[in-house]
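Undergrad: Structure file run27.pdb (PDB, C-alpha atoms) right here:
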```pdb
ATOM      1  CA  PRO A 113      96.309  83.759 100.209
ATOM      2  CA  VAL A 114      95.076  80.187 100.512
ATOM      3  CA  LEU A 115      97.643  77.916 102.161
ATOM      4  CA  GLU A 116      97.620  74.116 102.313
ATOM      5  CA  PHE A 117      99.676  72.303 104.949
ATOM      6  CA  GLU A 118     101.570  69.291 103.579
ATOM      7  CA  GLU A 119     102.541  68.204 107.121
ATOM      8  CA  ASP A 120     100.997  68.539 110.577
ATOM      9  CA  ALA A 121     101.836  71.962 112.006
ATOM     10  CA  LEU A 122     101.282  74.162 115.022
ATOM     11  CA  LEU A 123     100.492  77.686 113.862
ATOM     12  CA  ALA A 124      99.509  81.038 115.294
ATOM     13  CA  LEU A 125      98.146  84.203 113.709
ATOM     14  CA  GLY A 126      98.705  87.765 114.867
ATOM     15  CA  GLY A 127      98.086  91.218 113.505
ATOM     16  CA  ALA A 128      95.010  92.137 111.508
ATOM     17  CA  ASP A 129      91.660  90.330 111.565
ATOM     18  CA  PHE A 130      91.213  88.699 108.152
ATOM     19  CA  SER A 131      88.399  86.308 109.207
ATOM     20  CA  ALA A 132      90.863  83.403 109.160
ATOM     21  CA  LYS A 133      89.467  79.924 108.572
ATOM     22  CA  LEU A 134      91.009  76.472 108.786
ATOM     23  CA  ASN A 135      89.049  74.074 106.552
ATOM     24  CA  GLU A 136      86.282  76.694 106.425
ATOM     25  CA  LYS A 137      86.003  76.796 110.237
ATOM     26  CA  PRO A 138      86.789  80.156 111.877
ATOM     27  CA  ILE A 139      89.948  80.307 114.008
ATOM     28  CA  GLU A 140      91.134  83.039 116.365
ATOM     29  CA  ASN A 141      94.226  85.177 116.223
ATOM     30  CA  TRP A 142      96.657  85.284 119.141
ATOM     31  CA  ARG A 143      96.521  81.603 120.086
ATOM     32  CA  PRO A 144      98.131  78.329 118.920
ATOM     33  CA  VAL A 145      96.099  76.291 116.442
ATOM     34  CA  PHE A 146      96.843  72.718 115.329
ATOM     35  CA  ALA A 147      96.662  72.035 111.573
ATOM     36  CA  ASN A 148      96.560  68.490 110.207
ATOM     37  CA  LYS A 149      98.214  67.434 106.997
ATOM     38  CA  ARG A 150      96.130  68.713 104.039
ATOM     39  CA  ASP A 151      94.296  71.303 106.121
ATOM     40  CA  VAL A 152      93.680  74.557 104.241
ATOM     41  CA  LEU A 153      94.118  78.011 105.787
ATOM     42  CA  SER A 154      92.240  80.873 104.122
ATOM     43  CA  PHE A 155      91.456  84.549 104.753
ATOM     44  CA  PRO A 156      88.109  85.355 103.068
ATOM     45  CA  GLU A 157      87.503  88.882 104.393
ATOM     46  CA  ARG A 158      89.472  91.751 105.913
ATOM     47  CA  ARG A 159      87.663  93.079 108.964
ATOM     48  CA  SER A 160      90.293  95.330 110.517
ATOM     49  CA  GLY A 161      93.953  96.174 110.149
ATOM     50  CA  ALA A 162      96.121  95.832 107.076
ATOM     51  CA  ARG A 163      98.571  92.996 107.692
ATOM     52  CA  ILE A 164      98.317  89.558 109.282
ATOM     53  CA  TYR A 165     101.256  87.536 110.595
ATOM     54  CA  LEU A 166     101.565  83.739 110.393
ATOM     55  CA  ALA A 167     104.005  81.805 112.563
ATOM     56  CA  VAL A 168     104.637  78.059 112.763
ATOM     57  CA  ARG A 169     106.348  76.155 115.548
ATOM     58  CA  GLY A 170     110.002  75.746 114.646
ATOM     59  CA  GLY A 171     110.038  78.755 112.339
ATOM     60  CA  TRP A 172     110.505  78.855 108.572
ATOM     61  CA  ALA A 173     113.396  77.304 106.648
ATOM     62  CA  ALA A 174     114.371  80.402 104.697
ATOM     63  CA  GLU A 175     117.649  81.727 103.360
ATOM     64  CA  LYS A 176     118.898  84.606 105.491
ATOM     65  CA  TRP A 177     120.735  87.750 104.429
ATOM     66  CA  LEU A 178     122.350  89.967 107.073
ATOM     67  CA  GLY A 179     120.524  87.936 109.715
ATOM     68  CA  SER A 180     117.049  88.400 108.208
ATOM     69  CA  ALA A 181     114.805  86.209 106.089
ATOM     70  CA  SER A 182     112.695  89.183 104.950
ATOM     71  CA  ALA A 183     112.304  89.998 101.277
ATOM     72  CA  ASN A 184     113.308  93.445 100.047
ATOM     73  CA  LEU A 185     111.950  93.556  96.517
ATOM     74  CA  ARG A 186     113.291  97.057  95.818
ATOM     75  CA  ALA A 187     116.813  95.817  96.587
ATOM     76  CA  GLY A 188     116.292  92.587  94.635
ATOM     77  CA  ILE A 189     116.517  90.425  97.766
ATOM     78  CA  GLY A 190     114.075  87.552  98.054
ATOM     79  CA  LYS A 191     110.812  87.298  96.108
ATOM     80  CA  ALA A 192     107.102  87.807  96.467
ATOM     81  CA  LEU A 193     105.261  84.534  96.951
ATOM     82  CA  GLN A 194     103.370  83.244  93.923
ATOM     83  CA  LYS A 195     100.646  80.639  93.453
ATOM     84  CA  GLY A 196     102.147  77.156  93.799
ATOM     85  CA  ASP A 197     105.174  78.227  95.869
ATOM     86  CA  LYS A 198     106.161  76.092  98.855
ATOM     87  CA  ILE A 199     107.441  77.345 102.201
ATOM     88  CA  PHE A 200     109.258  74.843 104.389
ATOM     89  CA  CYS A 201     109.475  74.618 108.164
ATOM     90  CA  PRO A 202     112.201  72.466 109.732
ATOM     91  CA  GLU A 203     110.165  71.081 112.635
ATOM     92  CA  ARG A 204     108.026  68.144 111.488
ATOM     93  CA  SER A 205     107.209  66.486 114.835
ATOM     94  CA  VAL A 206     104.199  68.238 116.350
ATOM     95  CA  LYS A 207     102.119  66.834 119.208
ATOM     96  CA  ARG A 208      98.509  67.841 119.450
ATOM     97  CA  LYS A 209      97.386  69.383 122.718
ATOM     98  CA  GLU A 210      93.882  70.517 123.598
ATOM     99  CA  HIS A 211      94.807  73.025 126.335
ATOM    100  CA  PHE A 212      96.150  75.720 124.042
ATOM    101  CA  PHE A 213      95.974  79.207 125.495
ATOM    102  CA  LYS A 214      95.235  82.681 124.202
ATOM    103  CA  ILE A 215      97.504  85.551 125.162
ATOM    104  CA  SER A 216      96.308  88.264 127.516
ATOM    105  CA  ASN A 217      94.392  91.199 126.069
ATOM    106  CA  SER A 218      97.001  93.486 127.659
ATOM    107  CA  LEU A 219      99.534  92.204 125.100
ATOM    108  CA  ILE A 220      97.289  92.585 122.051
ATOM    109  CA  PRO A 221      97.651  95.932 120.221
ATOM    110  CA  ARG A 222      94.400  97.860 119.810
ATOM    111  CA  TYR A 223      94.350  98.361 116.057
ATOM    112  CA  SER A 224      92.220 101.073 114.503
ATOM    113  CA  ASN A 225      91.811 102.893 111.207
ATOM    114  CA  PHE A 226      91.916 106.133 113.208
ATOM    115  CA  PRO A 227      94.437 105.594 116.036
ATOM    116  CA  THR A 228      96.062 108.106 118.332
ATOM    117  CA  VAL A 229      99.793 107.389 118.092
ATOM    118  CA  ARG A 230     102.170 108.473 120.839
ATOM    119  CA  LEU A 231     105.351 110.324 119.873
ATOM    120  CA  THR A 232     108.534 111.650 121.398
ATOM    121  CA  PRO A 233     109.939 114.982 120.145
ATOM    122  CA  GLY A 234     112.475 114.858 117.327
ATOM    123  CA  ALA A 235     115.700 116.814 117.094
ATOM    124  CA  GLU A 236     114.038 119.493 114.936
ATOM    125  CA  PHE A 237     110.638 119.632 116.681
ATOM    126  CA  ALA A 238     111.497 123.004 118.231
ATOM    127  CA  ALA A 239     112.095 124.398 114.713
ATOM    128  CA  LEU A 240     108.334 124.229 113.952
ATOM    129  CA  THR A 241     106.346 127.432 114.144
ATOM    130  CA  ALA A 242     104.013 127.635 117.158
ATOM    131  CA  LEU A 243     100.977 127.296 114.865
ATOM    132  CA  SER A 244     102.447 124.270 113.088
ATOM    133  CA  ALA A 245     103.298 122.571 116.390
ATOM    134  CA  GLU A 246      99.693 123.100 117.483
ATOM    135  CA  THR A 247      98.374 121.820 114.139
ATOM    136  CA  PHE A 248     100.611 118.760 114.382
ATOM    137  CA  LEU A 249      99.126 117.748 117.725
ATOM    138  CA  LYS A 250      95.485 118.766 117.202
ATOM    139  CA  ASN A 251      94.712 117.844 113.592
ATOM    140  CA  SER A 252      94.377 114.435 111.973
ATOM    141  CA  PHE A 253      96.519 113.317 109.020
ATOM    142  CA  THR A 254      95.645 110.839 106.279
ATOM    143  CA  VAL A 255      97.829 108.005 104.988
ATOM    144  CA  THR A 256      98.150 108.456 101.226
ATOM    145  CA  PRO A 257      98.204 105.675  98.600
ATOM    146  CA  ASN A 258     101.777 106.787  97.830
ATOM    147  CA  SER A 259     103.061 104.757 100.787
ATOM    148  CA  ASP A 260     105.177 101.628 100.993
ATOM    149  CA  ARG A 261     107.464  99.666 103.323
ATOM    150  CA  MET A 262     110.008 102.498 103.262
ATOM    151  CA  GLY A 263     107.569 105.092 104.544
ATOM    152  CA  PHE A 264     103.934 106.114 104.989
ATOM    153  CA  ARG A 265     103.303 109.506 103.411
ATOM    154  CA  LEU A 266     100.750 111.653 105.200
ATOM    155  CA  ALA A 267      98.436 114.356 103.864
ATOM    156  CA  GLY A 268      96.980 117.166 105.948
ATOM    157  CA  THR A 269      97.401 120.822 106.820
ATOM    158  CA  PRO A 270     100.987 121.730 105.812
ATOM    159  CA  LEU A 271     103.483 122.371 108.600
ATOM    160  CA  TYR A 272     106.140 125.083 108.514
ATOM    161  CA  LEU A 273     109.488 125.781 110.148
ATOM    162  CA  LEU A 274     110.500 129.047 111.789
ATOM    163  CA  GLU A 275     113.244 129.289 109.177
ATOM    164  CA  GLU A 276     114.722 127.064 106.525
ATOM    165  CA  VAL A 277     116.847 124.301 108.031
ATOM    166  CA  ARG A 278     119.721 122.799 106.071
ATOM    167  CA  LEU A 279     120.706 119.482 107.568
ATOM    168  CA  VAL A 280     123.590 117.165 106.989
ATOM    169  CA  SER A 281     122.162 113.654 106.469
ATOM    170  CA  SER A 282     121.503 112.374 109.977
ATOM    171  CA  ALA A 283     120.482 109.073 111.542
ATOM    172  CA  VAL A 284     116.835 108.024 111.273
ATOM    173  CA  ASN A 285     114.979 105.021 112.592
ATOM    174  CA  PHE A 286     111.790 102.987 112.219
ATOM    175  CA  GLY A 287     109.123 105.485 113.299
ATOM    176  CA  THR A 288     111.018 108.711 112.597
ATOM    177  CA  ILE A 289     108.642 111.379 111.245
ATOM    178  CA  GLN A 290     110.287 113.674 108.716
ATOM    179  CA  LEU A 291     108.936 116.982 107.430
ATOM    180  CA  LEU A 292     109.152 117.171 103.631
ATOM    181  CA  PRO A 293     109.768 120.389 101.661
ATOM    182  CA  ASP A 294     106.057 120.659 100.739
ATOM    183  CA  GLY A 295     105.047 120.796 104.410
ATOM    184  CA  GLN A 296     103.718 117.236 104.475
ATOM    185  CA  MET A 297     105.160 114.406 106.566
ATOM    186  CA  ILE A 298     106.417 110.857 106.122
ATOM    187  CA  ILE A 299     106.633 108.155 108.814
ATOM    188  CA  LEU A 300     109.623 105.936 108.110
ATOM    189  CA  THR A 301     108.678 102.262 108.282
ATOM    190  CA  ALA A 302     110.249  98.790 108.123
ATOM    191  CA  ASP A 303     112.444  99.256 105.025
ATOM    192  CA  HIS A 304     113.514 102.800 105.895
ATOM    193  CA  GLN A 305     116.877 104.236 104.931
ATOM    194  CA  THR A 306     119.487 104.696 107.668
ATOM    195  CA  THR A 307     120.061 108.439 107.213
ATOM    196  CA  GLY A 308     118.032 111.357 105.928
ATOM    197  CA  GLY A 309     118.330 115.080 105.361
ATOM    198  CA  TYR A 310     114.774 116.210 106.140
ATOM    199  CA  PRO A 311     113.900 117.647 109.576
ATOM    200  CA  ARG A 312     113.056 114.960 112.130
ATOM    201  CA  ILE A 313     110.153 116.475 113.996
ATOM    202  CA  ALA A 314     109.145 113.404 116.021
ATOM    203  CA  HIS A 315     109.577 109.677 116.543
ATOM    204  CA  VAL A 316     106.774 107.165 117.025
ATOM    205  CA  ALA A 317     107.060 105.636 120.498
ATOM    206  CA  GLU A 318     108.140 102.015 120.083
ATOM    207  CA  ILE A 319     105.038 100.793 121.934
ATOM    208  CA  ASP A 320     102.833 102.218 119.138
ATOM    209  CA  LEU A 321     104.798 101.030 116.090
ATOM    210  CA  PRO A 322     102.354  98.076 115.714
ATOM    211  CA  LEU A 323      99.481 100.576 115.372
ATOM    212  CA  VAL A 324     101.277 102.416 112.576
ATOM    213  CA  ALA A 325     102.141  99.134 110.841
ATOM    214  CA  GLN A 326      98.424  98.308 110.511
ATOM    215  CA  LEU A 327      97.427 101.533 108.743
ATOM    216  CA  ASN A 328      95.942 101.386 105.244
ATOM    217  CA  ALA A 329      95.782 104.036 102.564
ATOM    218  CA  ASN A 330      93.144 106.647 103.505
ATOM    219  CA  ASP A 331      93.244 105.736 107.202
ATOM    220  CA  LYS A 332      93.674 108.708 109.527
ATOM    221  CA  VAL A 333      95.979 109.201 112.478
ATOM    222  CA  TYR A 334      96.204 111.603 115.421
ATOM    223  CA  PHE A 335      99.438 112.274 117.302
ATOM    224  CA  LYS A 336     100.062 112.711 121.028
ATOM    225  CA  LEU A 337     103.385 113.921 122.390
ATOM    226  CA  ILE A 338     104.876 112.139 125.408
ATOM    227  CA  SER A 339     108.290 112.332 127.050
ATOM    228  CA  ARG A 340     111.117 109.917 126.340
ATOM    229  CA  ALA A 341     110.868 108.726 129.951
ATOM    230  CA  GLN A 342     107.176 107.886 129.448
ATOM    231  CA  ALA A 343     107.970 106.051 126.211
ATOM    232  CA  GLU A 344     110.643 104.020 127.993
ATOM    233  CA  ASP A 345     108.290 103.171 130.874
ATOM    234  CA  LEU A 346     105.680 101.891 128.403
ATOM    235  CA  ILE A 347     108.238  99.604 126.750
ATOM    236  CA  LEU A 348     109.543  98.341 130.103
ATOM    237  CA  GLU A 349     105.987  97.493 131.167
ATOM    238  CA  ARG A 350     105.389  95.602 127.928
ATOM    239  CA  GLU A 351     108.678  93.709 128.316
ATOM    240  CA  LYS A 352     107.711  92.735 131.860
ATOM    241  CA  ASN A 353     104.374  91.378 130.630
ATOM    242  CA  LEU A 354     106.061  89.540 127.758
ATOM    243  CA  ASN A 355     108.526  87.918 130.149
ATOM    244  CA  LEU A 356     105.670  86.764 132.365
ATOM    245  CA  PHE A 357     103.954  85.335 129.291
ATOM    246  CA  LYS A 358     107.129  83.523 128.184
ATOM    247  CA  THR A 359     107.513  82.031 131.650
ATOM    248  CA  ALA A 360     103.919  80.770 131.562
ATOM    249  CA  VAL A 361     104.496  79.193 128.140
ATOM    250  CA  LYS A 362     107.575  77.349 129.410
ATOM    251  CA  LEU A 363     105.489  75.829 132.195
ATOM    252  CA  ILE A 364     103.136  74.234 129.681
ATOM    253  CA  ASN A 365     104.041  70.627 128.954
ATOM    254  CA  TRP A 366     104.167  70.568 125.167
TER     255      TRP A 366
END
```
Hey, can you dump this file as structure tokens for me?

TA:
Amino acid sequence: PVLEFEEDALLALGGADFSAKLNEKPIENWRPVFANKRDVLSFPERRSGARIYLAVRGGWAAEKWLGSASANLRAGIGKALQKGDKIFCPERSVKRKEHFFKISNSLIPRYSNFPTVRLTPGAEFAALTALSAETFLKNSFTVTPNSDRMGFRLAGTPLYLLEEVRLVSSAVNFGTIQLLPDGQMIILTADHQTTGGYPRIAHVAEIDLPLVAQLNANDKVYFKLISRAQAEDLILEREKNLNLFKTAVKLINW
């Protein structure tokens, strides 16, 4: 997209590297940037990752549904932005400061088109054959074009269960990996359903959900199994670092 600011704004970009430019001058992700009225933000080239995130100070003035301002086009909620649309932000008073910071590298996800994603075992992981469990953890899998915000379908060596498992629909979450009847897998993503009847062989550790979110069609992924305790420790460490960052931000005199 090409976005023109009709008022002064303080913005920040996160996520993928799309060679962002403000008035044709390159700007960095992961730091505040001041935009003057009539400045133009553009993204001429995708270098890495699949999705970029734009935030403005004060947030967006958007209608919320069940506490979220996200669009769900499949459910007919919200709309996709079109040329000429306007997005409003409630905060109009923005002071320019020259000592803007950039967040620590320890808080920036290391995106890749071939990441190793950490997992915890799912309820039906033990139902895999020994060979399939080995294949799952040693082989790579490819994200197929038949993927969307409900789930990323993977293609690779088929996996098999020791015996057919008939499940009552059970709870699933963002990052649950289900084994489909054809032996292929699907990683449930942002718009996932709340229950499912396919075997849940693993769950993406919350710390690595940002890596999955940046995958494109034809990207590859490896999996590494860790314990739930390790997954929790990783999240606690990230939360500690985020709290330190928030404290530092509060000490800045905006």

Undergrad: What separation in Å, quoted to one decimal, exists between CA of Lys137 in chain A and CA of Ser224 in chain A?

TA: 25.4 Å

Undergrad: When the PyMOL selection byres ((chain A and resi 192-204) around 8) is applied to the file above, which residues end up in the set, as a short mmCIF file (atom, residue, chain, number, x, y, z; two decimals) with C-alpha atoms, in the frame of the given file?

TA:
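That gives us out14.cif:
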```cif
data_model
loop_
_atom_site.label_atom_id
_atom_site.label_comp_id
_atom_site.auth_asym_id
_atom_site.auth_seq_id
_atom_site.Cartn_x
_atom_site.Cartn_y
_atom_site.Cartn_z
CA GLU A 119 102.54 68.20 107.12
CA ASP A 120 101.00 68.54 110.58
CA ALA A 121 101.84 71.96 112.01
CA VAL A 168 104.64 78.06 112.76
CA ARG A 169 106.35 76.16 115.55
CA GLY A 170 110.00 75.75 114.65
CA GLY A 171 110.04 78.76 112.34
CA TRP A 172 110.50 78.86 108.57
CA ALA A 173 113.40 77.30 106.65
CA ALA A 174 114.37 80.40 104.70
CA ALA A 183 112.30 90.00 101.28
CA LEU A 185 111.95 93.56 96.52
CA GLY A 190 114.08 87.55 98.05
CA LYS A 191 110.81 87.30 96.11
CA SER A 205 107.21 66.49 114.84
CA VAL A 206 104.20 68.24 116.35
#
```

Undergrad: Choose the residue, out of A:Ile347, A:Ala167, A:Met297, A:Leu134, that has the smallest atom-to-atom separation from Ser154 in chain A; count only C-alpha atoms.

TA: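 Using only C-alpha atoms, the shortest distance to Ser154 in chain A belongs to A:Leu134.
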
Undergrad: To test your reading of the syntax: which residues would the PyMOL selection byres ((chain A and resi 145) around 12) return for the file shown? Reply as a ChimeraX atom specification.

TA: /A:120-126,132-134,137-144,146-148,151,153,166-169,206-214

Undergrad: For a quick check of understanding, using only C-alpha atoms, which of A:Gln342, A:Asn225, A:Ser252, A:Asn184 has the smallest distance to Asn328 in chain A?

TA: A:Asn225

Undergrad: Can you list, as a list in words, every protein, DNA or RNA residue that comes within 9 Å of range 354-360 of chain A when you count all atoms listed in the file, leaving out same-chain residues fewer than 4 positions away?

TA: Ile215, Ser216, Leu219, Glu349, Arg350 and Ile364 of chain A

Undergrad: Between A:Asp320, A:Glu236, A:Asp303, A:Asp331, which residue has the minimum interatomic distance to Leu266 in chain A, considering all atoms listed in the file?

TA: A:Asp331

Undergrad: Could you please determine the separation between CA of Glu351 in chain A and CA of Val316 in chain A in Å, to one decimal place?

TA: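 Interatomic distance, CA of Glu351 in chain A to CA of Val316 in chain A: 17.7 Å.
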
Undergrad: Selection in question (the file shown): the PyMOL selection byres ((chain A and resi 240) around 6). Which residues does it include, as a ChimeraX atom specification?

TA: /A:237-239,241,244-245,272-274

Undergrad: Which residue is closest to Leu243 in chain A? Choose from A:Gln296, A:Thr306, A:Ser131, A:Thr269 and count all atoms listed in the file.

TA: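 Distance minimum relative to Leu243 in chain A lands on A:Thr269.
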
Undergrad: Mind rebuilding range 178-203 of chain A with N, CA and C atoms and writing that out as a CSV table (one decimal), keeping the file's coordinate frame?

TA:
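This is the output file rebuild.csv:
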```csv
chain,number,residue,atom,x,y,z
A,178,LEU,N,122.1,89.0,106.0
A,178,LEU,CA,122.4,90.0,107.1
A,178,LEU,C,121.5,89.7,108.3
A,179,GLY,N,121.3,88.4,108.5
A,179,GLY,CA,120.5,87.9,109.7
A,179,GLY,C,119.0,88.0,109.6
A,180,SER,N,118.5,88.3,108.4
A,180,SER,CA,117.0,88.4,108.2
A,180,SER,C,116.6,87.5,107.0
A,181,ALA,N,115.4,87.0,107.2
A,181,ALA,CA,114.8,86.2,106.1
A,181,ALA,C,113.8,87.0,105.3
A,182,SER,N,113.7,88.3,105.6
A,182,SER,CA,112.7,89.2,105.0
A,182,SER,C,113.1,89.4,103.5
A,183,ALA,N,112.1,89.6,102.7
A,183,ALA,CA,112.3,90.0,101.3
A,183,ALA,C,112.4,91.5,101.2
A,184,ASN,N,113.3,92.0,100.4
A,184,ASN,CA,113.3,93.4,100.0
A,184,ASN,C,113.3,93.5,98.5
A,185,LEU,N,112.1,93.6,98.0
A,185,LEU,CA,112.0,93.6,96.5
A,185,LEU,C,112.6,94.7,95.8
A,186,ARG,N,112.7,95.9,96.4
A,186,ARG,CA,113.3,97.1,95.8
A,186,ARG,C,114.8,96.8,95.7
A,187,ALA,N,115.4,96.1,96.6
A,187,ALA,CA,116.8,95.8,96.6
A,187,ALA,C,117.1,94.5,95.9
A,188,GLY,N,116.1,93.8,95.4
A,188,GLY,CA,116.3,92.6,94.6
A,188,GLY,C,116.6,91.4,95.5
A,189,ILE,N,116.2,91.5,96.8
A,189,ILE,CA,116.5,90.4,97.8
A,189,ILE,C,115.2,89.7,98.1
A,190,GLY,N,115.3,88.3,97.8
A,190,GLY,CA,114.1,87.6,98.1
A,190,GLY,C,113.1,87.7,96.9
A,191,LYS,N,111.8,87.2,97.1
A,191,LYS,CA,110.8,87.3,96.1
A,191,LYS,C,109.4,87.4,96.8
A,192,ALA,N,108.5,87.9,96.0
A,192,ALA,CA,107.1,87.8,96.5
A,192,ALA,C,106.6,86.4,96.2
A,193,LEU,N,105.8,85.9,97.1
A,193,LEU,CA,105.3,84.5,97.0
A,193,LEU,C,104.2,84.5,95.8
A,194,GLN,N,104.3,83.4,95.1
A,194,GLN,CA,103.4,83.2,93.9
A,194,GLN,C,102.6,82.0,94.1
A,195,LYS,N,101.5,81.8,93.4
A,195,LYS,CA,100.6,80.6,93.5
A,195,LYS,C,101.5,79.4,93.2
A,196,GLY,N,101.4,78.4,94.0
A,196,GLY,CA,102.1,77.2,93.8
A,196,GLY,C,103.5,77.1,94.5
A,197,ASP,N,103.9,78.2,95.1
A,197,ASP,CA,105.2,78.2,95.9
A,197,ASP,C,105.0,77.4,97.1
A,198,LYS,N,106.1,76.8,97.6
A,198,LYS,CA,106.2,76.1,98.9
A,198,LYS,C,107.1,76.8,99.9
A,199,ILE,N,106.6,76.8,101.1
A,199,ILE,CA,107.4,77.3,102.2
A,199,ILE,C,107.7,76.2,103.2
A,200,PHE,N,108.9,76.0,103.6
A,200,PHE,CA,109.3,74.8,104.4
A,200,PHE,C,109.5,75.3,105.8
A,201,CYS,N,109.1,74.4,106.8
A,201,CYS,CA,109.5,74.6,108.2
A,201,CYS,C,110.2,73.4,108.6
A,202,PRO,N,111.3,73.6,109.4
A,202,PRO,CA,112.2,72.5,109.7
A,202,PRO,C,111.6,71.5,110.7
A,203,GLU,N,110.7,72.0,111.6
A,203,GLU,CA,110.2,71.1,112.6
A,203,GLU,C,109.0,70.3,112.1
```
